[in-house]
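S.K.: Submitted below is the structure of interest, expressed as structure tokens.
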Amino acid sequence: MGKDKATTGVLTDGRQVDYTTPEGLEILRHSTSHLLAQAASELFPGIQITIGPAIDTGFYYDFGYERQFTPEDLEKMEQRMREIITRNDPIQRRELSREDAIRLFEGLKQHFKVEIIRGIPEGEIISAYSQGEFIDLCTGPHVKSTGELRALKLLKLAGAYWRGDEKNPMLQRVYGTAFATEKELKDWLQRLEEAEKRDHRKLGKELDLFSIQPDGAGPGLIFWHPNGAMIRKLLEDYLKDLCQQSGYDFVYSPHVGHLNLWNTSGHTNFYAENMFRPMEVEDEQYQLKPMNCPFHVLIFRSQPKSFRDLPVRYAELGTVYRYERSGVLHGLMRVRGFTQDDAHIFCREDQIAGEVNAILDLMTQVLSTFGFNDFEVNLSTRPEKYVGELAVWNKAEAALREVLEKRGLRYLVDEGGGAFYGPKIDIKIRDSIGRQWQCSTVQVDFNLPERFQLEYTDSGGAKVRPIMIHRAIYGSIERFFGILVEHYAGAFPFWLAPVQVLVATITDAQADYAQTVLKKLKEAGIRAEADLRNEKLGFKVREAQVRKIPFVLVTGDKEMAEGKVAPRGRGKIQLDTQSVDEFILFCRAEAAARR
């Protein structure tokens, strides 16, 4: 069966392309971003065009203009884009010298484009693409004409600093998306609508889970309210128990370290832009930790190690601090202070495969507990600039490949995508509405053991460098929590719900009985509350549904007389009237099931 004509096309370089493939979709979306720039240029004389890349969810284009765009402007731009598609303007590539390109865009009074061109080394050929009267810088390729572009939608307006620098002018960013077919676009927009309903920032406020207080503590710093803190505790306790069963030792490390530590680890050279400025204490400089690993290295180094001691596995729920620009902060997903479920394994070369296998077992167990059973696995290999010996890199990459292949896991290879200190495996999970999230990672590190001169004594009495494996399953507690809020739409499974049961009276006459039921539930370890207010039962039940409490126990005169309760489950769960003891047994089974 052939491809739908709407999903295939020809590019400006003559290649056939399938717009449903990752490469084809990226070209389609990038071409649509140029279509947006063409429409904006036709509608708003004097507008400054900057850059417009394709992104995972579609595309955007940044503009400089004398006034703020409005939602009505967005509608006009989308309408003009559709008109240009109907015109079917041919798209053509032009090659220019640096000087000719500068003259061209100076003549068009596009000073951002001129700035970009001046940053290109002399002698390099510069390419531009024209469509109708519009021309823009780009390396391409593009679709052959504007008529190739069909299924598109402009989504929202935002602000963005030129080149991401707060010292530069503020631009206006227009976000949009594009697909090969209208059906794909419609399906995606439906998922987007569902995602907006599940937005963890909205649900976090409605369910009183957490807050961010920019005018208080500052942006990107999370306050965990009692409901959210309870869920966090359950997440942490669950993982701690599994780690302990898996042979990890728990450690704690400081939140700051002397700057010399970060010089030795290489963070001040390789990671400085993501670190807060050092603080001065008694004429010495200290650094808020952006990572936990150097501290675990110091713990390992504090005592002599033999080959018999390896592997050594340290785990810590360690809070780290990273400088993120205010423009990229996003609820719990991008913050400045967060807690990693960090672990570091120090092992021999011949133990790499076994340790990675055990880590993947643990990851699978944890993620499946939350309903994440659809994974994308990526293997990232040695980059151009790397530390360590090539032979060790080859052994590590071979060990990672062997583990993945023996497990029967399909994986994508990101050639050259490894960290400078070693190869890695990254796991992307798919949530209940089909979105992918990067969470778990396993990274093999040759750098820190060398920089910190780590060693153990082998069976022959020689001093040997251990291999260090970095491992995180949740990734960060904050981000994973945000993913869970959206995955469950705030309706956490029974074992994770901050309030599991609400005891609700029908009249004041049952207040004492309700308190007795509540006491019994709490003594059984069930997280319960009582609603004794003089309100109608329907009101109490609806409020519990808004709070997404799994069960409401109705206690009326009949239940009180029989010493029973009438459970009303969230969603479609139906239970018969039963004794409190029977309901407690049911709750224990629900909690144990962890579903």
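In the structure tokens, each chain is lettered A, B, ... as it comes, each chain's residues begin at 1, and ligands are numbered from 1 in order of appearance.
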Please list as a ChimeraX atom specification every residue within 6 Å of A:Leu379, counting only C-alpha atoms and excluding residues in the same chain fewer than 2 positions away.
M.R.: /A:413-414,424-425
S.K.: Write out as number ranges by chain each polymer residue whose atoms come within 7 Å of stretch 382-397 of chain A, counting only C-alpha atoms; drop sequence neighbours fewer than 5 positions from it.
M.R.: A: 416-418, 420-423, 446-447
S.K.: Please save all heavy atoms of the selected residues as a CSV table (one decimal), in the first residue's frame.
M.R.:
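New file result.csv:
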```
chain,number,residue,atom,x,y,z
A,416,GLY,N,28.2,9.5,19.2
A,416,GLY,CA,28.9,10.7,19.6
A,416,GLY,C,28.1,11.5,20.7
A,416,GLY,O,28.5,12.6,21.1
A,417,GLY,N,27.0,11.0,21.1
A,417,GLY,CA,26.1,11.7,22.1
A,417,GLY,C,26.4,11.4,23.5
A,417,GLY,O,25.8,12.0,24.4
A,418,GLY,N,27.5,10.6,23.8
A,418,GLY,CA,27.8,10.4,25.2
A,418,GLY,C,28.4,11.6,25.9
A,418,GLY,O,28.8,12.6,25.2
A,420,PHE,N,31.4,13.6,28.0
A,420,PHE,CA,32.8,13.6,27.8
A,420,PHE,C,33.5,12.5,28.7
A,420,PHE,O,34.6,12.1,28.4
A,420,PHE,CB,33.4,15.0,28.0
A,420,PHE,CG,33.4,15.4,29.4
A,420,PHE,CD1,34.5,15.2,30.2
A,420,PHE,CD2,32.4,16.1,30.0
A,420,PHE,CE1,34.6,15.6,31.6
A,420,PHE,CE2,32.4,16.5,31.3
A,420,PHE,CZ,33.5,16.2,32.1
A,421,TYR,N,32.8,12.1,29.7
A,421,TYR,CA,33.5,11.2,30.7
A,421,TYR,C,33.0,9.8,30.5
A,421,TYR,O,33.5,8.9,31.2
A,421,TYR,CB,33.1,11.6,32.1
A,421,TYR,CG,31.7,11.9,32.4
A,421,TYR,CD1,30.8,10.8,32.6
A,421,TYR,CD2,31.2,13.2,32.5
A,421,TYR,CE1,29.5,11.0,32.9
A,421,TYR,CE2,29.8,13.4,32.8
A,421,TYR,CZ,29.0,12.3,33.0
A,421,TYR,OH,27.7,12.5,33.2
A,422,GLY,N,32.1,9.5,29.6
A,422,GLY,CA,31.7,8.1,29.3
A,422,GLY,C,30.4,7.9,28.6
A,422,GLY,O,29.6,8.9,28.5
A,423,PRO,N,30.2,6.7,28.1
A,423,PRO,CA,28.9,6.4,27.4
A,423,PRO,C,27.7,6.3,28.4
A,423,PRO,O,27.9,6.2,29.6
A,423,PRO,CB,29.2,5.1,26.7
A,423,PRO,CG,30.2,4.4,27.6
A,423,PRO,CD,31.0,5.5,28.1
A,446,PHE,N,34.7,7.7,33.4
A,446,PHE,CA,36.1,7.5,33.6
A,446,PHE,C,36.8,8.7,34.1
A,446,PHE,O,38.0,8.7,34.5
A,446,PHE,CB,36.8,7.1,32.3
A,446,PHE,CG,36.0,6.1,31.4
A,446,PHE,CD1,35.6,6.4,30.2
A,446,PHE,CD2,35.7,4.9,31.9
A,446,PHE,CE1,34.9,5.5,29.4
A,446,PHE,CE2,35.0,4.0,31.2
A,446,PHE,CZ,34.6,4.3,29.9
A,447,ASN,N,36.1,9.8,34.1
A,447,ASN,CA,36.7,11.1,34.4
A,447,ASN,C,37.0,11.3,35.9
A,447,ASN,O,38.1,11.6,36.3
A,447,ASN,CB,35.8,12.2,33.9
A,447,ASN,CG,36.3,13.6,34.1
A,447,ASN,OD1,37.5,13.9,33.8
A,447,ASN,ND2,35.4,14.5,34.7
```
S.K.: Enumerate as a CSV table (one decimal) with N, CA and C atoms, in the first residue's frame all residues of stretch 204-452 of chain A assigned to alpha helix (DSSP H) by DSSP on the backbone, naming them with the chain letters and numbers the document uses.
M.R.:
```
chain,number,residue,atom,x,y,z
A,204,GLY,N,-1.6,21.4,40.7
A,204,GLY,CA,-0.8,21.6,42.0
A,204,GLY,C,-1.4,22.6,42.9
A,205,LYS,N,-2.0,23.6,42.3
A,205,LYS,CA,-2.7,24.6,43.0
A,205,LYS,C,-4.1,24.1,43.5
A,206,GLU,N,-4.8,23.5,42.6
A,206,GLU,CA,-6.2,23.0,42.9
A,206,GLU,C,-6.1,22.0,44.1
A,226,PRO,N,1.6,20.2,52.6
A,226,PRO,CA,1.4,18.8,53.2
A,226,PRO,C,1.0,17.7,52.3
A,227,ASN,N,0.0,18.0,51.4
A,227,ASN,CA,-0.5,17.0,50.5
A,227,ASN,C,0.7,16.5,49.5
A,228,GLY,N,1.4,17.5,49.0
A,228,GLY,CA,2.5,17.1,48.1
A,228,GLY,C,3.6,16.5,48.8
A,229,ALA,N,3.9,17.0,50.0
A,229,ALA,CA,5.0,16.4,50.8
A,229,ALA,C,4.7,15.0,51.2
A,230,MET,N,3.4,14.6,51.4
A,230,MET,CA,3.1,13.2,51.8
A,230,MET,C,3.4,12.3,50.5
A,231,ILE,N,3.0,12.8,49.4
A,231,ILE,CA,3.3,12.0,48.2
A,231,ILE,C,4.8,11.8,47.9
A,232,ARG,N,5.5,12.9,48.1
A,232,ARG,CA,6.9,12.9,48.0
A,232,ARG,C,7.6,11.9,49.0
A,233,LYS,N,7.1,11.9,50.2
A,233,LYS,CA,7.6,11.0,51.2
A,233,LYS,C,7.4,9.5,50.7
A,234,LEU,N,6.2,9.2,50.2
A,234,LEU,CA,5.9,7.9,49.7
A,234,LEU,C,6.8,7.5,48.6
A,235,LEU,N,7.0,8.4,47.7
A,235,LEU,CA,7.9,8.1,46.5
A,235,LEU,C,9.3,7.8,47.1
A,236,GLU,N,9.8,8.6,48.0
A,236,GLU,CA,11.1,8.4,48.5
A,236,GLU,C,11.3,7.1,49.3
A,237,ASP,N,10.3,6.9,50.2
A,237,ASP,CA,10.3,5.7,51.0
A,237,ASP,C,10.3,4.4,50.1
A,238,TYR,N,9.5,4.4,49.1
A,238,TYR,CA,9.4,3.3,48.2
A,238,TYR,C,10.7,3.0,47.5
A,239,LEU,N,11.4,4.1,47.0
A,239,LEU,CA,12.7,3.9,46.3
A,239,LEU,C,13.8,3.5,47.3
A,240,LYS,N,13.8,4.1,48.5
A,240,LYS,CA,14.8,3.8,49.5
A,240,LYS,C,14.7,2.3,49.9
A,241,ASP,N,13.5,1.8,50.1
A,241,ASP,CA,13.4,0.4,50.4
A,241,ASP,C,13.9,-0.5,49.3
A,242,LEU,N,13.6,-0.2,48.1
A,242,LEU,CA,14.1,-1.0,47.0
A,242,LEU,C,15.6,-0.9,46.8
A,243,CYS,N,16.2,0.3,47.0
A,243,CYS,CA,17.6,0.4,46.9
A,243,CYS,C,18.3,-0.4,48.0
A,244,GLN,N,17.8,-0.3,49.2
A,244,GLN,CA,18.4,-1.1,50.3
A,244,GLN,C,18.4,-2.6,50.1
A,245,GLN,N,17.2,-3.0,49.5
A,245,GLN,CA,17.2,-4.4,49.1
A,245,GLN,C,18.1,-4.8,48.0
A,259,LEU,N,35.4,25.6,46.6
A,259,LEU,CA,35.5,25.7,45.1
A,259,LEU,C,36.6,24.8,44.6
A,260,ASN,N,37.6,24.5,45.4
A,260,ASN,CA,38.6,23.6,44.9
A,260,ASN,C,38.1,22.2,44.5
A,261,LEU,N,37.0,21.8,45.2
A,261,LEU,CA,36.4,20.5,44.9
A,261,LEU,C,35.9,20.5,43.5
A,262,TRP,N,35.2,21.6,43.1
A,262,TRP,CA,34.6,21.7,41.8
A,262,TRP,C,35.6,22.0,40.7
A,263,ASN,N,36.8,22.6,41.1
A,263,ASN,CA,37.9,22.7,40.1
A,263,ASN,C,38.4,21.3,39.8
A,264,THR,N,38.6,20.5,40.9
A,264,THR,CA,39.1,19.2,40.7
A,264,THR,C,38.2,18.3,39.8
A,265,SER,N,36.9,18.4,40.1
A,265,SER,CA,35.9,17.6,39.4
A,265,SER,C,35.8,18.0,37.9
A,267,HIS,N,33.9,20.6,37.1
A,267,HIS,CA,32.6,21.4,36.9
A,267,HIS,C,32.8,22.8,36.6
A,268,THR,N,33.8,23.4,37.2
A,268,THR,CA,34.0,24.9,36.9
A,268,THR,C,34.5,25.1,35.5
A,269,ASN,N,35.0,24.1,34.8
A,269,ASN,CA,35.4,24.3,33.4
A,269,ASN,C,34.3,23.8,32.5
A,270,PHE,N,33.6,22.7,32.8
A,270,PHE,CA,32.7,22.2,31.9
A,270,PHE,C,31.2,22.5,32.2
A,293,CYS,N,27.8,13.9,42.8
A,293,CYS,CA,28.9,12.9,42.5
A,293,CYS,C,30.2,13.2,43.2
A,294,PRO,N,30.8,14.4,43.2
A,294,PRO,CA,32.1,14.6,43.8
A,294,PRO,C,32.1,14.3,45.3
A,295,PHE,N,31.0,14.5,46.0
A,295,PHE,CA,30.9,14.1,47.4
A,295,PHE,C,30.9,12.6,47.6
A,296,HIS,N,30.3,11.9,46.7
A,296,HIS,CA,30.3,10.4,46.8
A,296,HIS,C,31.7,9.9,46.5
A,297,VAL,N,32.4,10.6,45.6
A,297,VAL,CA,33.8,10.2,45.3
A,297,VAL,C,34.7,10.4,46.6
A,298,LEU,N,34.4,11.5,47.3
A,298,LEU,CA,35.2,11.7,48.5
A,298,LEU,C,34.9,10.7,49.6
A,299,ILE,N,33.7,10.3,49.7
A,299,ILE,CA,33.3,9.2,50.7
A,299,ILE,C,34.1,7.9,50.3
A,300,PHE,N,34.1,7.6,49.0
A,300,PHE,CA,34.7,6.4,48.5
A,300,PHE,C,36.2,6.5,48.8
A,301,ARG,N,36.8,7.6,48.6
A,301,ARG,CA,38.3,7.8,48.8
A,301,ARG,C,38.7,7.8,50.2
A,352,ILE,N,31.0,-4.0,35.0
A,352,ILE,CA,30.2,-3.0,34.4
A,352,ILE,C,28.8,-3.6,34.0
A,353,ALA,N,28.9,-4.6,33.2
A,353,ALA,CA,27.7,-5.2,32.6
A,353,ALA,C,26.7,-5.7,33.7
A,354,GLY,N,27.2,-6.4,34.7
A,354,GLY,CA,26.4,-6.8,35.8
A,354,GLY,C,25.7,-5.7,36.5
A,355,GLU,N,26.4,-4.6,36.8
A,355,GLU,CA,25.8,-3.5,37.5
A,355,GLU,C,24.8,-2.8,36.6
A,356,VAL,N,25.1,-2.6,35.4
A,356,VAL,CA,24.1,-1.9,34.5
A,356,VAL,C,22.9,-2.8,34.4
A,357,ASN,N,23.0,-4.1,34.3
A,357,ASN,CA,21.9,-5.0,34.2
A,357,ASN,C,21.0,-4.9,35.4
A,358,ALA,N,21.6,-4.8,36.6
A,358,ALA,CA,20.9,-4.7,37.8
A,358,ALA,C,20.2,-3.4,37.9
A,359,ILE,N,20.8,-2.3,37.4
A,359,ILE,CA,20.2,-1.0,37.4
A,359,ILE,C,19.0,-1.0,36.5
A,360,LEU,N,19.1,-1.6,35.3
A,360,LEU,CA,17.9,-1.7,34.4
A,360,LEU,C,16.8,-2.5,35.0
A,361,ASP,N,17.1,-3.5,35.8
A,361,ASP,CA,16.1,-4.3,36.5
A,361,ASP,C,15.4,-3.4,37.4
A,362,LEU,N,16.1,-2.6,38.2
A,362,LEU,CA,15.5,-1.7,39.2
A,362,LEU,C,14.7,-0.6,38.5
A,363,MET,N,15.2,-0.1,37.4
A,363,MET,CA,14.5,0.9,36.7
A,363,MET,C,13.1,0.4,36.2
A,364,THR,N,13.2,-0.8,35.6
A,364,THR,CA,11.9,-1.4,35.1
A,364,THR,C,10.9,-1.6,36.2
A,365,GLN,N,11.4,-2.1,37.3
A,365,GLN,CA,10.5,-2.4,38.5
A,365,GLN,C,9.8,-1.1,39.0
A,366,VAL,N,10.7,-0.1,39.1
A,366,VAL,CA,10.1,1.2,39.7
A,366,VAL,C,9.2,1.9,38.7
A,367,LEU,N,9.6,2.0,37.4
A,367,LEU,CA,8.8,2.7,36.5
A,367,LEU,C,7.5,2.0,36.2
A,368,SER,N,7.5,0.6,36.2
A,368,SER,CA,6.3,-0.1,35.9
A,368,SER,C,5.3,0.0,37.1
A,369,THR,N,5.8,0.3,38.3
A,369,THR,CA,4.9,0.5,39.4
A,369,THR,C,3.9,1.7,39.1
A,390,LEU,N,40.9,4.8,25.1
A,390,LEU,CA,40.0,4.3,24.1
A,390,LEU,C,39.6,2.9,24.3
A,391,ALA,N,40.5,2.1,24.8
A,391,ALA,CA,40.2,0.7,25.1
A,391,ALA,C,39.1,0.5,26.2
A,392,VAL,N,39.2,1.4,27.2
A,392,VAL,CA,38.2,1.3,28.2
A,392,VAL,C,36.8,1.8,27.7
A,393,TRP,N,36.8,2.8,26.9
A,393,TRP,CA,35.6,3.3,26.2
A,393,TRP,C,34.9,2.1,25.4
A,394,ASN,N,35.8,1.4,24.7
A,394,ASN,CA,35.2,0.4,23.8
A,394,ASN,C,34.6,-0.7,24.7
A,395,LYS,N,35.3,-1.1,25.8
A,395,LYS,CA,34.8,-2.1,26.7
A,395,LYS,C,33.4,-1.6,27.3
A,396,ALA,N,33.4,-0.4,27.7
A,396,ALA,CA,32.2,0.1,28.3
A,396,ALA,C,31.0,0.1,27.4
A,397,GLU,N,31.2,0.6,26.1
A,397,GLU,CA,30.2,0.7,25.1
A,397,GLU,C,29.7,-0.8,24.8
A,398,ALA,N,30.7,-1.7,24.7
A,398,ALA,CA,30.4,-3.1,24.4
A,398,ALA,C,29.5,-3.7,25.5
A,399,ALA,N,29.9,-3.3,26.7
A,399,ALA,CA,29.1,-3.9,27.9
A,399,ALA,C,27.7,-3.4,27.9
A,400,LEU,N,27.5,-2.1,27.6
A,400,LEU,CA,26.2,-1.5,27.5
A,400,LEU,C,25.4,-2.1,26.4
A,401,ARG,N,26.0,-2.3,25.2
A,401,ARG,CA,25.3,-2.9,24.1
A,401,ARG,C,24.9,-4.3,24.4
A,402,GLU,N,25.8,-5.1,25.1
A,402,GLU,CA,25.6,-6.5,25.4
A,402,GLU,C,24.4,-6.6,26.3
A,403,VAL,N,24.3,-5.7,27.3
A,403,VAL,CA,23.2,-5.7,28.3
A,403,VAL,C,21.9,-5.5,27.5
A,404,LEU,N,21.8,-4.5,26.7
A,404,LEU,CA,20.6,-4.1,26.0
A,404,LEU,C,20.2,-5.3,25.1
A,405,GLU,N,21.1,-5.8,24.4
A,405,GLU,CA,20.8,-6.9,23.4
A,405,GLU,C,20.4,-8.2,24.1
A,406,LYS,N,21.0,-8.5,25.2
A,406,LYS,CA,20.7,-9.7,25.9
A,406,LYS,C,19.3,-9.6,26.5
A,447,ASN,N,36.1,9.8,34.1
A,447,ASN,CA,36.7,11.1,34.4
A,447,ASN,C,37.0,11.3,35.9
A,448,LEU,N,35.9,11.2,36.7
A,448,LEU,CA,36.1,11.5,38.1
A,448,LEU,C,37.0,10.6,38.8
A,449,PRO,N,37.0,9.3,38.6
A,449,PRO,CA,38.0,8.4,39.2
A,449,PRO,C,39.5,8.9,38.9
A,450,GLU,N,39.7,9.4,37.7
A,450,GLU,CA,41.0,9.8,37.3
A,450,GLU,C,41.3,11.2,38.0
A,451,ARG,N,40.4,12.1,37.9
A,451,ARG,CA,40.6,13.4,38.5
A,451,ARG,C,40.9,13.4,40.0
```
S.K.: A:Phe250: which residues within 7 Å, counting only C-alpha atoms, same-chain residues fewer than 2 positions away excluded, as a ChimeraX atom specification?
M.R.: /A:248,314-316
S.K.: Quick one: of A:Ala195, A:Thr20, A:Asp187, A:Met81, who's nearest to A:Leu43, counting only C-alpha atoms?
M.R.: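 Between A:Ala195, A:Thr20, A:Asp187, A:Met81, the residue approaching A:Leu43 most closely is A:Met81.
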S.K.: Please identify all polymer residues within 9 Å of stretch 51-56 of chain A, counting only C-alpha atoms, omitting same-chain residues fewer than 2 positions from it, and present them as a PyMOL selection string.
M.R.: chain A and resi 25-34+36-37+49+58-63+113+137+177
S.K.: At a cut-off of 12 Å, using only C-alpha atoms, what residues contact A:Lys186? Leave out same-chain residues fewer than 6 positions from it and give the result as an MDAnalysis selection string.
M.R.: chainID A and resid 151:153 177:180 192:193
S.K.: Can you tell me which residues surround A:Arg588 at a distance of at most 9 Å, considering only C-alpha atoms, apart from same-chain residues fewer than 3 positions away, and format the answer as a ChimeraX atom specification?
M.R.: /A:524-526,583-585,591-593
S.K.: Under the rule that only C-alpha atoms are counted, which of A:Ile483, A:Ile85, A:Val335, A:Leu288 is the nearest residue to A:Arg198?
M.R.: A:Ile483
S.K.: Tell me which protein, DNA and RNA residues are within 7 Å of A:Phe494, counting only C-alpha atoms, leaving out same-chain ones fewer than 5 positions away, and put them as a PDB file with N, CA, C and O atoms, in the first residue's frame.
M.R.:
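Generated output (part.pdb):
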```
ATOM      1  N   GLN A 500      -6.514   9.226  51.596  1.00  0.00           N
ATOM      2  CA  GLN A 500      -7.051   8.038  50.946  1.00  0.00           C
ATOM      3  C   GLN A 500      -8.550   7.866  51.149  1.00  0.00           C
ATOM      4  O   GLN A 500      -9.246   7.351  50.278  1.00  0.00           O
ATOM      5  N   PRO A 550      -9.732   8.959  46.891  1.00  0.00           N
ATOM      6  CA  PRO A 550     -10.176   7.670  46.347  1.00  0.00           C
ATOM      7  C   PRO A 550     -11.505   7.160  46.897  1.00  0.00           C
ATOM      8  O   PRO A 550     -12.315   6.612  46.139  1.00  0.00           O
ATOM      9  N   GLU A 590      -5.437  -2.775  48.500  1.00  0.00           N
ATOM     10  CA  GLU A 590      -5.258  -1.728  47.480  1.00  0.00           C
ATOM     11  C   GLU A 590      -3.875  -1.102  47.577  1.00  0.00           C
ATOM     12  O   GLU A 590      -3.205  -0.880  46.561  1.00  0.00           O
ATOM     13  N   ALA A 591      -3.451  -0.807  48.806  1.00  0.00           N
ATOM     14  CA  ALA A 591      -2.145  -0.180  49.006  1.00  0.00           C
ATOM     15  C   ALA A 591      -1.023  -1.127  48.593  1.00  0.00           C
ATOM     16  O   ALA A 591      -0.033  -0.711  47.973  1.00  0.00           O
TER      17      ALA A 591
END
```
S.K.: Which one of A:Leu575, A:Ala343, A:Thr555, A:Ala589 sits closest to A:Ile469 if you count only C-alpha atoms?
M.R.: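 Result for the nearest residue to A:Ile469: A:Ala343.
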S.K.: What is the atom CA of A:Ala491 to atom CA of A:Ile549 distance in Å?
M.R.: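 It comes out at 7.6 Å.
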S.K.: What does the distance from atom CA of A:Asp426 to atom CA of A:Gln443 come to in Å, to one decimal?
M.R.: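 Atom CA of A:Gln443 lies at a distance of 8.4 Å from atom CA of A:Asp426.
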